[in-house]
Amino acid sequence: MNLFDTTQLGLQSAISGAGMRQATIAGNISNANTPGYQRKDVDFHTTLRAALASDAPMEAVKTAAFSPATATTGPMRADGNGVDIDVESATMAANALEYETLVSVARGRTDVLRSAMGVA
Amino acid sequence: MSLFDAIDTAASGLSAERMRMDVTAENLANAQTTRGADGQPYRRKVVVLQEAVPSNFGSTLRGAMKGTNTTGVRVAEIAQDATPNRLVYDPGHPDADPRGYVSMPNVQPVTEMVDLISASRGYEANVTVMQTSKQMFSKTLEILR
């Protein structure tokens with residue numbers, strides 16, 4: 001019997017993925033004027049979905065690791081830069097909302113645990 | 001990689017954009033300078049940006065251990081624009097050549113204004129990243145309350 005179930009571990013993993021994605025988007029925006037820079041992104045959704053669908057979801061979610069991947073869409077501008085600042089801003093806003101949603105859900109679930117333990 | 005890395009990265013972007021703005025200001029201020037430090041007309045300076053890893057201890061260690069790291073930006077060099085100087089006919093100018101032409105700096109005010117707007121927008125974008133990351137981080141702290 002585990003204190004934290006697969007959903008809670010999945011939430012933790014998703015929070016760290018969204019945090020990594022935020023740092024990656026920050027890198028894209030800071031390099032919006034760097035010649036030859038290609039945008040990077042973290043696809044934590046696919047990794048996590050595969051982990052949750054596997055035979056031993058709890059172990060798979062615990063060991064799920066994310067890493068930033070460089071986009072292969074090619075340069076957008078004459079100087080070889082592939083960052084569209086509008087796309088990055090929109091992605092960052094969406095990612096921040098997702099992160100806050102994940103944190104709220106994780107918080108709600110730990111609150112349930114706390115009241116079960118009689119601490120809250 | 002953590003949210004603090006996002007803040008470090010945005011900070012590297014802020015300092016790079018500020019450097020671009022400083023150099024643009026220098027170019028505009030010297031748009032009519034016919035005698036630079038070497039006695040030659042002023043030459044336009046350009047900031048060369050390069051992708052870089054923030055050089056703090058934490059991210060360097062993590063990068064070495066996991067092989068992944070955030071990418072910030074850094075000023076690789078401040079280069080000189082190779083465009084030839086503008087020749088202006090002004091025989092009365094003390095720096096005029098025997099034919100009456102003065103070699104003026106290769107600074108185009110319109111280009112500088114465009115660079116200034118671009119640097120300013122880039123700066124704002126990095127500030128937004130910093131604010132969003134800060135907001136996300138304080139949201140995380142709520143779990144502990």
# chains A, B, ... in the order shown; residues from 1 in each chain; ligands from 1
$ select_by_dssp --residues "stretch 22-82 of chain A" --states "helix (DSSP H, G or I)" --output "CSV table (one decimal) with all heavy atoms, in the first residue's frame"
chain,number,residue,atom,x,y,z
A,22,GLN,N,8.8,25.3,-19.1
A,22,GLN,CA,8.9,26.7,-18.9
A,22,GLN,C,10.3,27.2,-19.1
A,22,GLN,O,10.6,28.2,-19.7
A,22,GLN,CB,8.4,27.0,-17.5
A,22,GLN,CG,8.6,28.5,-17.0
A,22,GLN,CD,7.6,29.4,-17.7
A,22,GLN,OE1,6.7,29.0,-18.4
A,22,GLN,NE2,7.8,30.7,-17.6
A,23,ALA,N,11.3,26.5,-18.5
A,23,ALA,CA,12.7,26.9,-18.6
A,23,ALA,C,13.1,26.8,-20.1
A,23,ALA,O,13.9,27.7,-20.6
A,23,ALA,CB,13.6,26.0,-17.8
A,24,THR,N,12.6,25.8,-20.8
A,24,THR,CA,13.0,25.7,-22.2
A,24,THR,C,12.4,26.8,-23.1
A,24,THR,O,13.1,27.4,-23.9
A,24,THR,CB,12.5,24.3,-22.8
A,24,THR,OG1,12.9,23.3,-21.9
A,24,THR,CG2,13.0,24.0,-24.1
A,25,ILE,N,11.1,27.2,-22.8
A,25,ILE,CA,10.5,28.3,-23.5
A,25,ILE,C,11.3,29.6,-23.2
A,25,ILE,O,11.5,30.5,-24.0
A,25,ILE,CB,9.0,28.4,-23.2
A,25,ILE,CG1,8.3,27.2,-23.7
A,25,ILE,CG2,8.4,29.6,-23.9
A,25,ILE,CD1,6.9,27.0,-23.2
A,26,ALA,N,11.7,29.8,-21.9
A,26,ALA,CA,12.5,30.9,-21.5
A,26,ALA,C,13.7,31.0,-22.4
A,26,ALA,O,14.1,32.1,-22.8
A,26,ALA,CB,12.9,30.9,-20.0
A,27,GLY,N,14.4,29.9,-22.6
A,27,GLY,CA,15.6,29.8,-23.5
A,27,GLY,C,15.2,30.2,-24.9
A,27,GLY,O,16.0,31.0,-25.5
A,28,ASN,N,14.1,29.8,-25.4
A,28,ASN,CA,13.7,30.2,-26.8
A,28,ASN,C,13.5,31.7,-26.9
A,28,ASN,O,13.9,32.3,-27.8
A,28,ASN,CB,12.4,29.5,-27.2
A,28,ASN,CG,12.5,28.0,-27.4
A,28,ASN,OD1,13.6,27.5,-27.6
A,28,ASN,ND2,11.4,27.3,-27.3
A,29,ILE,N,12.8,32.3,-25.9
A,29,ILE,CA,12.5,33.7,-25.9
A,29,ILE,C,13.8,34.5,-25.8
A,29,ILE,O,14.0,35.5,-26.5
A,29,ILE,CB,11.4,34.1,-24.9
A,29,ILE,CG1,10.1,33.5,-25.3
A,29,ILE,CG2,11.3,35.6,-24.7
A,29,ILE,CD1,9.0,33.8,-24.4
A,30,SER,N,14.7,34.1,-24.9
A,30,SER,CA,16.0,34.8,-24.7
A,30,SER,C,16.8,34.7,-26.0
A,30,SER,O,17.6,35.6,-26.2
A,30,SER,CB,16.7,34.4,-23.5
A,30,SER,OG,17.3,33.2,-23.7
A,44,PHE,N,6.4,16.5,-22.7
A,44,PHE,CA,6.3,15.6,-21.5
A,44,PHE,C,5.0,14.9,-21.6
A,44,PHE,O,4.8,13.8,-21.0
A,44,PHE,CB,6.5,16.4,-20.2
A,44,PHE,CG,5.4,17.4,-19.9
A,44,PHE,CD1,4.3,17.0,-19.1
A,44,PHE,CD2,5.5,18.7,-20.3
A,44,PHE,CE1,3.4,18.0,-18.8
A,44,PHE,CE2,4.5,19.6,-20.0
A,44,PHE,CZ,3.4,19.3,-19.3
A,45,HIS,N,4.0,15.4,-22.3
A,45,HIS,CA,2.7,14.7,-22.4
A,45,HIS,C,2.8,13.3,-23.0
A,45,HIS,O,2.3,12.4,-22.4
A,45,HIS,CB,1.7,15.6,-23.3
A,45,HIS,CG,1.4,16.9,-22.7
A,45,HIS,ND1,1.9,18.1,-23.2
A,45,HIS,CD2,0.6,17.3,-21.7
A,45,HIS,CE1,1.5,19.1,-22.5
A,45,HIS,NE2,0.7,18.6,-21.6
A,46,THR,N,3.5,13.2,-24.1
A,46,THR,CA,3.6,11.9,-24.8
A,46,THR,C,4.3,10.9,-23.9
A,46,THR,O,3.9,9.8,-23.8
A,46,THR,CB,4.4,12.1,-26.1
A,46,THR,OG1,3.8,13.2,-26.9
A,46,THR,CG2,4.3,10.8,-27.0
A,47,THR,N,5.4,11.3,-23.3
A,47,THR,CA,6.2,10.5,-22.4
A,47,THR,C,5.4,10.0,-21.3
A,47,THR,O,5.3,8.8,-20.9
A,47,THR,CB,7.4,11.2,-21.9
A,47,THR,OG1,8.0,11.9,-22.9
A,47,THR,CG2,8.4,10.3,-21.2
A,48,LEU,N,4.6,10.9,-20.7
A,48,LEU,CA,3.8,10.6,-19.5
A,48,LEU,C,2.6,9.7,-19.9
A,48,LEU,O,2.3,8.7,-19.2
A,48,LEU,CB,3.3,11.9,-18.8
A,48,LEU,CG,3.1,11.8,-17.4
A,48,LEU,CD1,4.3,11.3,-16.6
A,48,LEU,CD2,2.8,13.2,-16.9
A,49,ARG,N,2.0,10.0,-21.1
A,49,ARG,CA,0.9,9.2,-21.5
A,49,ARG,C,1.3,7.7,-21.7
A,49,ARG,O,0.6,6.8,-21.3
A,49,ARG,CB,0.3,9.8,-22.8
A,49,ARG,CG,-1.1,9.3,-23.1
A,49,ARG,CD,-1.6,9.9,-24.4
A,49,ARG,NE,-1.8,11.4,-24.3
A,49,ARG,CZ,-1.2,12.2,-25.2
A,49,ARG,NH1,-0.6,11.8,-26.2
A,49,ARG,NH2,-1.4,13.5,-25.0
A,50,ALA,N,2.5,7.6,-22.4
A,50,ALA,CA,3.0,6.2,-22.6
A,50,ALA,C,3.3,5.5,-21.3
A,50,ALA,O,3.0,4.3,-21.1
A,50,ALA,CB,4.3,6.3,-23.4
A,51,ALA,N,3.8,6.3,-20.3
A,51,ALA,CA,4.1,5.7,-19.0
A,51,ALA,C,2.9,5.2,-18.3
A,51,ALA,O,2.8,4.1,-17.7
A,51,ALA,CB,4.9,6.7,-18.1
A,52,LEU,N,1.8,6.0,-18.4
A,52,LEU,CA,0.5,5.7,-17.7
A,52,LEU,C,-0.2,4.5,-18.4
A,52,LEU,O,-0.9,3.8,-17.7
A,52,LEU,CB,-0.4,6.9,-17.7
A,52,LEU,CG,0.0,8.0,-16.7
A,52,LEU,CD1,-0.8,9.3,-16.9
A,52,LEU,CD2,-0.2,7.5,-15.2
A,53,ALA,N,0.1,4.3,-19.7
A,53,ALA,CA,-0.6,3.3,-20.4
A,53,ALA,C,0.2,2.0,-20.4
A,53,ALA,O,-0.2,0.9,-20.9
A,53,ALA,CB,-0.7,3.7,-21.9
A,57,PRO,N,2.2,1.0,-14.5
A,57,PRO,CA,2.2,2.5,-14.6
A,57,PRO,C,3.0,3.2,-13.5
A,57,PRO,O,3.7,4.2,-13.7
A,57,PRO,CB,0.7,2.8,-14.6
A,57,PRO,CG,0.0,1.6,-14.3
A,57,PRO,CD,0.9,0.4,-14.4
A,58,MET,N,2.9,2.6,-12.3
A,58,MET,CA,3.5,3.3,-11.1
A,58,MET,C,5.0,3.4,-11.3
A,58,MET,O,5.6,4.5,-11.2
A,58,MET,CB,3.1,2.6,-9.8
A,58,MET,CG,3.5,3.5,-8.6
A,58,MET,SD,2.8,2.7,-7.2
A,58,MET,CE,1.7,4.0,-6.6
A,59,GLU,N,5.6,2.3,-11.6
A,59,GLU,CA,7.1,2.3,-11.8
A,59,GLU,C,7.5,3.2,-13.0
A,59,GLU,O,8.4,3.9,-13.0
A,59,GLU,CB,7.6,0.8,-12.1
A,59,GLU,CG,7.6,0.0,-10.8
A,59,GLU,CD,8.3,0.7,-9.6
A,59,GLU,OE1,9.5,1.2,-9.9
A,59,GLU,OE2,7.7,0.9,-8.6
A,60,ALA,N,6.7,3.0,-14.1
A,60,ALA,CA,7.0,3.8,-15.3
A,60,ALA,C,6.9,5.3,-15.1
A,60,ALA,O,7.7,6.0,-15.6
A,60,ALA,CB,6.0,3.4,-16.4
A,61,VAL,N,5.9,5.7,-14.3
A,61,VAL,CA,5.7,7.1,-14.0
A,61,VAL,C,6.9,7.6,-13.1
A,61,VAL,O,7.4,8.7,-13.3
A,61,VAL,CB,4.3,7.4,-13.4
A,61,VAL,CG1,4.3,8.8,-12.8
A,61,VAL,CG2,3.2,7.2,-14.4
A,62,LYS,N,7.3,6.8,-12.2
A,62,LYS,CA,8.4,7.2,-11.3
A,62,LYS,C,9.7,7.4,-12.0
A,62,LYS,O,10.4,8.3,-11.7
A,62,LYS,CB,8.6,6.1,-10.2
A,62,LYS,CG,7.8,6.2,-9.0
A,62,LYS,CD,8.2,5.1,-8.0
A,62,LYS,CE,7.2,5.0,-6.8
A,62,LYS,NZ,7.4,3.8,-6.1
A,63,THR,N,9.9,6.6,-13.1
A,63,THR,CA,11.2,6.7,-13.8
A,63,THR,C,11.1,7.5,-15.1
A,63,THR,O,12.1,7.6,-15.8
A,63,THR,CB,11.7,5.2,-14.2
A,63,THR,OG1,10.6,4.6,-14.8
A,63,THR,CG2,12.1,4.4,-12.9
$ residues_around --residues "B:Pro91" --least-positions-apart "2" --cutoff "6 Å" --atoms "only C-alpha atoms" --output "ChimeraX atom specification"
/B:93,96,100
$ write_last_selection --atoms "N, CA and C atoms" --output "mmCIF file, in the first residue's frame"
data_model
loop_
_atom_site.group_PDB
_atom_site.id
_atom_site.type_symbol
_atom_site.label_atom_id
_atom_site.label_comp_id
_atom_site.auth_asym_id
_atom_site.auth_seq_id
_atom_site.Cartn_x
_atom_site.Cartn_y
_atom_site.Cartn_z
ATOM 1 N N HIS B 93 34.629 71.212 -44.169
ATOM 2 C CA HIS B 93 34.834 70.381 -42.977
ATOM 3 C C HIS B 93 36.330 70.152 -42.728
ATOM 4 N N ALA B 96 37.777 67.020 -44.290
ATOM 5 C CA ALA B 96 37.510 66.747 -45.705
ATOM 6 C C ALA B 96 38.801 66.347 -46.407
ATOM 7 N N GLY B 100 37.300 67.380 -51.203
ATOM 8 C CA GLY B 100 36.187 68.022 -50.502
ATOM 9 C C GLY B 100 35.188 67.053 -49.898
#
$ interface_residues --of "chain B" --to "chain A" --cutoff "7 Å" --atoms "only C-alpha atoms" --output "VMD selection string"
chain B and resid 1 to 3 5 to 6 9 to 10 13 49 to 51 68 70 to 73 125 to 126 129 132 136 139 to 140 143
$ write_last_selection --atoms "N, CA and C atoms" --output "PDB file, in the first residue's frame"
ATOM      1  N   MET B   1      16.998  20.853 -14.230  1.00  0.00           N
ATOM      2  CA  MET B   1      16.306  22.020 -14.797  1.00  0.00           C
ATOM      3  C   MET B   1      15.120  22.381 -13.902  1.00  0.00           C
ATOM      4  N   SER B   2      15.076  23.578 -13.453  1.00  0.00           N
ATOM      5  CA  SER B   2      13.977  23.963 -12.580  1.00  0.00           C
ATOM      6  C   SER B   2      13.458  25.333 -12.994  1.00  0.00           C
ATOM      7  N   LEU B   3      12.499  25.796 -12.236  1.00  0.00           N
ATOM      8  CA  LEU B   3      11.932  27.111 -12.551  1.00  0.00           C
ATOM      9  C   LEU B   3      12.961  28.208 -12.348  1.00  0.00           C
ATOM     10  N   ASP B   5      15.956  28.036 -13.219  1.00  0.00           N
ATOM     11  CA  ASP B   5      16.704  28.116 -14.470  1.00  0.00           C
ATOM     12  C   ASP B   5      15.989  29.024 -15.465  1.00  0.00           C
ATOM     13  N   ALA B   6      14.631  28.942 -15.450  1.00  0.00           N
ATOM     14  CA  ALA B   6      13.862  29.813 -16.353  1.00  0.00           C
ATOM     15  C   ALA B   6      14.154  31.270 -16.018  1.00  0.00           C
ATOM     16  N   THR B   9      17.648  32.121 -17.193  1.00  0.00           N
ATOM     17  CA  THR B   9      17.663  32.262 -18.651  1.00  0.00           C
ATOM     18  C   THR B   9      17.083  33.605 -19.063  1.00  0.00           C
ATOM     19  N   ALA B  10      15.938  33.964 -18.449  1.00  0.00           N
ATOM     20  CA  ALA B  10      15.320  35.252 -18.771  1.00  0.00           C
ATOM     21  C   ALA B  10      16.270  36.392 -18.404  1.00  0.00           C
ATOM     22  N   GLY B  13      18.730  36.858 -21.049  1.00  0.00           N
ATOM     23  CA  GLY B  13      18.084  37.565 -22.158  1.00  0.00           C
ATOM     24  C   GLY B  13      17.988  39.059 -21.882  1.00  0.00           C
ATOM     25  N   LEU B  49      25.009  37.894 -30.863  1.00  0.00           N
ATOM     26  CA  LEU B  49      24.451  37.070 -29.784  1.00  0.00           C
ATOM     27  C   LEU B  49      24.743  35.602 -30.037  1.00  0.00           C
ATOM     28  N   GLN B  50      24.883  34.853 -28.950  1.00  0.00           N
ATOM     29  CA  GLN B  50      25.179  33.427 -29.068  1.00  0.00           C
ATOM     30  C   GLN B  50      24.407  32.677 -27.987  1.00  0.00           C
ATOM     31  N   GLU B  51      23.949  31.475 -28.340  1.00  0.00           N
ATOM     32  CA  GLU B  51      23.252  30.623 -27.388  1.00  0.00           C
ATOM     33  C   GLU B  51      24.264  30.192 -26.319  1.00  0.00           C
ATOM     34  N   THR B  68      21.650  17.459 -19.857  1.00  0.00           N
ATOM     35  CA  THR B  68      20.731  18.463 -20.408  1.00  0.00           C
ATOM     36  C   THR B  68      20.863  19.740 -19.600  1.00  0.00           C
ATOM     37  N   THR B  70      19.544  24.188 -19.525  1.00  0.00           N
ATOM     38  CA  THR B  70      18.806  25.278 -20.160  1.00  0.00           C
ATOM     39  C   THR B  70      19.754  26.060 -21.052  1.00  0.00           C
ATOM     40  N   THR B  71      19.185  26.746 -22.012  1.00  0.00           N
ATOM     41  CA  THR B  71      20.002  27.564 -22.874  1.00  0.00           C
ATOM     42  C   THR B  71      19.630  29.014 -22.682  1.00  0.00           C
ATOM     43  N   GLY B  72      20.577  29.784 -22.244  1.00  0.00           N
ATOM     44  CA  GLY B  72      20.370  31.220 -22.178  1.00  0.00           C
ATOM     45  C   GLY B  72      20.994  31.842 -23.408  1.00  0.00           C
ATOM     46  N   VAL B  73      21.288  33.106 -23.306  1.00  0.00           N
ATOM     47  CA  VAL B  73      21.916  33.802 -24.423  1.00  0.00           C
ATOM     48  C   VAL B  73      23.060  34.625 -23.858  1.00  0.00           C
ATOM     49  N   ALA B 125       9.715  40.879 -23.624  1.00  0.00           N
ATOM     50  CA  ALA B 125       9.368  39.451 -23.682  1.00  0.00           C
ATOM     51  C   ALA B 125      10.064  38.698 -22.546  1.00  0.00           C
ATOM     52  N   ASN B 126      11.336  39.043 -22.291  1.00  0.00           N
ATOM     53  CA  ASN B 126      12.075  38.369 -21.222  1.00  0.00           C
ATOM     54  C   ASN B 126      11.531  38.730 -19.843  1.00  0.00           C
ATOM     55  N   VAL B 129       8.543  36.554 -19.287  1.00  0.00           N
ATOM     56  CA  VAL B 129       8.952  35.197 -18.906  1.00  0.00           C
ATOM     57  C   VAL B 129       9.281  35.158 -17.420  1.00  0.00           C
ATOM     58  N   THR B 132       6.076  35.382 -15.327  1.00  0.00           N
ATOM     59  CA  THR B 132       5.299  34.135 -15.365  1.00  0.00           C
ATOM     60  C   THR B 132       5.972  33.060 -14.513  1.00  0.00           C
ATOM     61  N   MET B 136       4.501  31.090 -11.263  1.00  0.00           N
ATOM     62  CA  MET B 136       4.421  29.635 -11.169  1.00  0.00           C
ATOM     63  C   MET B 136       5.113  29.149  -9.909  1.00  0.00           C
ATOM     64  N   LYS B 139       3.049  29.721  -6.886  1.00  0.00           N
ATOM     65  CA  LYS B 139       1.943  28.759  -6.864  1.00  0.00           C
ATOM     66  C   LYS B 139       2.420  27.433  -6.257  1.00  0.00           C
ATOM     67  N   THR B 140       3.657  27.024  -6.607  1.00  0.00           N
ATOM     68  CA  THR B 140       4.206  25.763  -6.073  1.00  0.00           C
ATOM     69  C   THR B 140       4.343  25.834  -4.567  1.00  0.00           C
ATOM     70  N   ILE B 143       1.611  24.577  -2.156  1.00  0.00           N
ATOM     71  CA  ILE B 143       1.444  23.166  -1.766  1.00  0.00           C
ATOM     72  C   ILE B 143       1.890  22.970  -0.321  1.00  0.00           C
TER      73      ILE B 143
END
$ closest_residue --among "B:Leu61, B:Asp97, B:Ala52, B:Gln80" --to "B:Ser12" --atoms "only C-alpha atoms"
B:Ala52
$ atom_distance --atom1 "atom CA of B:Ala29" --atom2 "atom CA of B:Arg74"
24.3 Å
$ atom_distance --atom1 "atom CA of A:Gln38" --atom2 "atom CA of A:Ala94"
20.6 Å
$ residues_around --residues "B:Ala31" --least-positions-apart "3" --cutoff "7 Å" --atoms "only C-alpha atoms" --output "ChimeraX atom specification"
/B:27-28,105,107
$ write_last_selection --atoms "N, CA and C atoms" --output "PDB file, in the first residue's frame"
ATOM      1  N   ASN B  27      25.925  53.932 -31.104  1.00  0.00           N
ATOM      2  CA  ASN B  27      25.941  54.166 -32.554  1.00  0.00           C
ATOM      3  C   ASN B  27      25.261  55.481 -32.909  1.00  0.00           C
ATOM      4  N   LEU B  28      24.071  55.697 -32.302  1.00  0.00           N
ATOM      5  CA  LEU B  28      23.325  56.916 -32.619  1.00  0.00           C
ATOM      6  C   LEU B  28      24.078  58.148 -32.136  1.00  0.00           C
ATOM      7  N   PRO B 105      30.591  58.315 -40.538  1.00  0.00           N
ATOM      8  CA  PRO B 105      30.373  56.956 -40.006  1.00  0.00           C
ATOM      9  C   PRO B 105      29.305  56.193 -40.788  1.00  0.00           C
ATOM     10  N   VAL B 107      26.764  54.709 -39.946  1.00  0.00           N
ATOM     11  CA  VAL B 107      25.587  54.534 -39.093  1.00  0.00           C
ATOM     12  C   VAL B 107      24.356  55.038 -39.837  1.00  0.00           C
TER      13      VAL B 107
END
$ atom_distance --atom1 "atom CA of A:Gly74" --atom2 "atom CA of B:Ser118"
22.0 Å
$ residues_around --residues "B:Thr24" --least-positions-apart "2" --cutoff "10 Å" --atoms "only C-alpha atoms" --output "PyMOL selection string"
chain B and resi 18-22+26-30+44-47+107+109+111-116+119
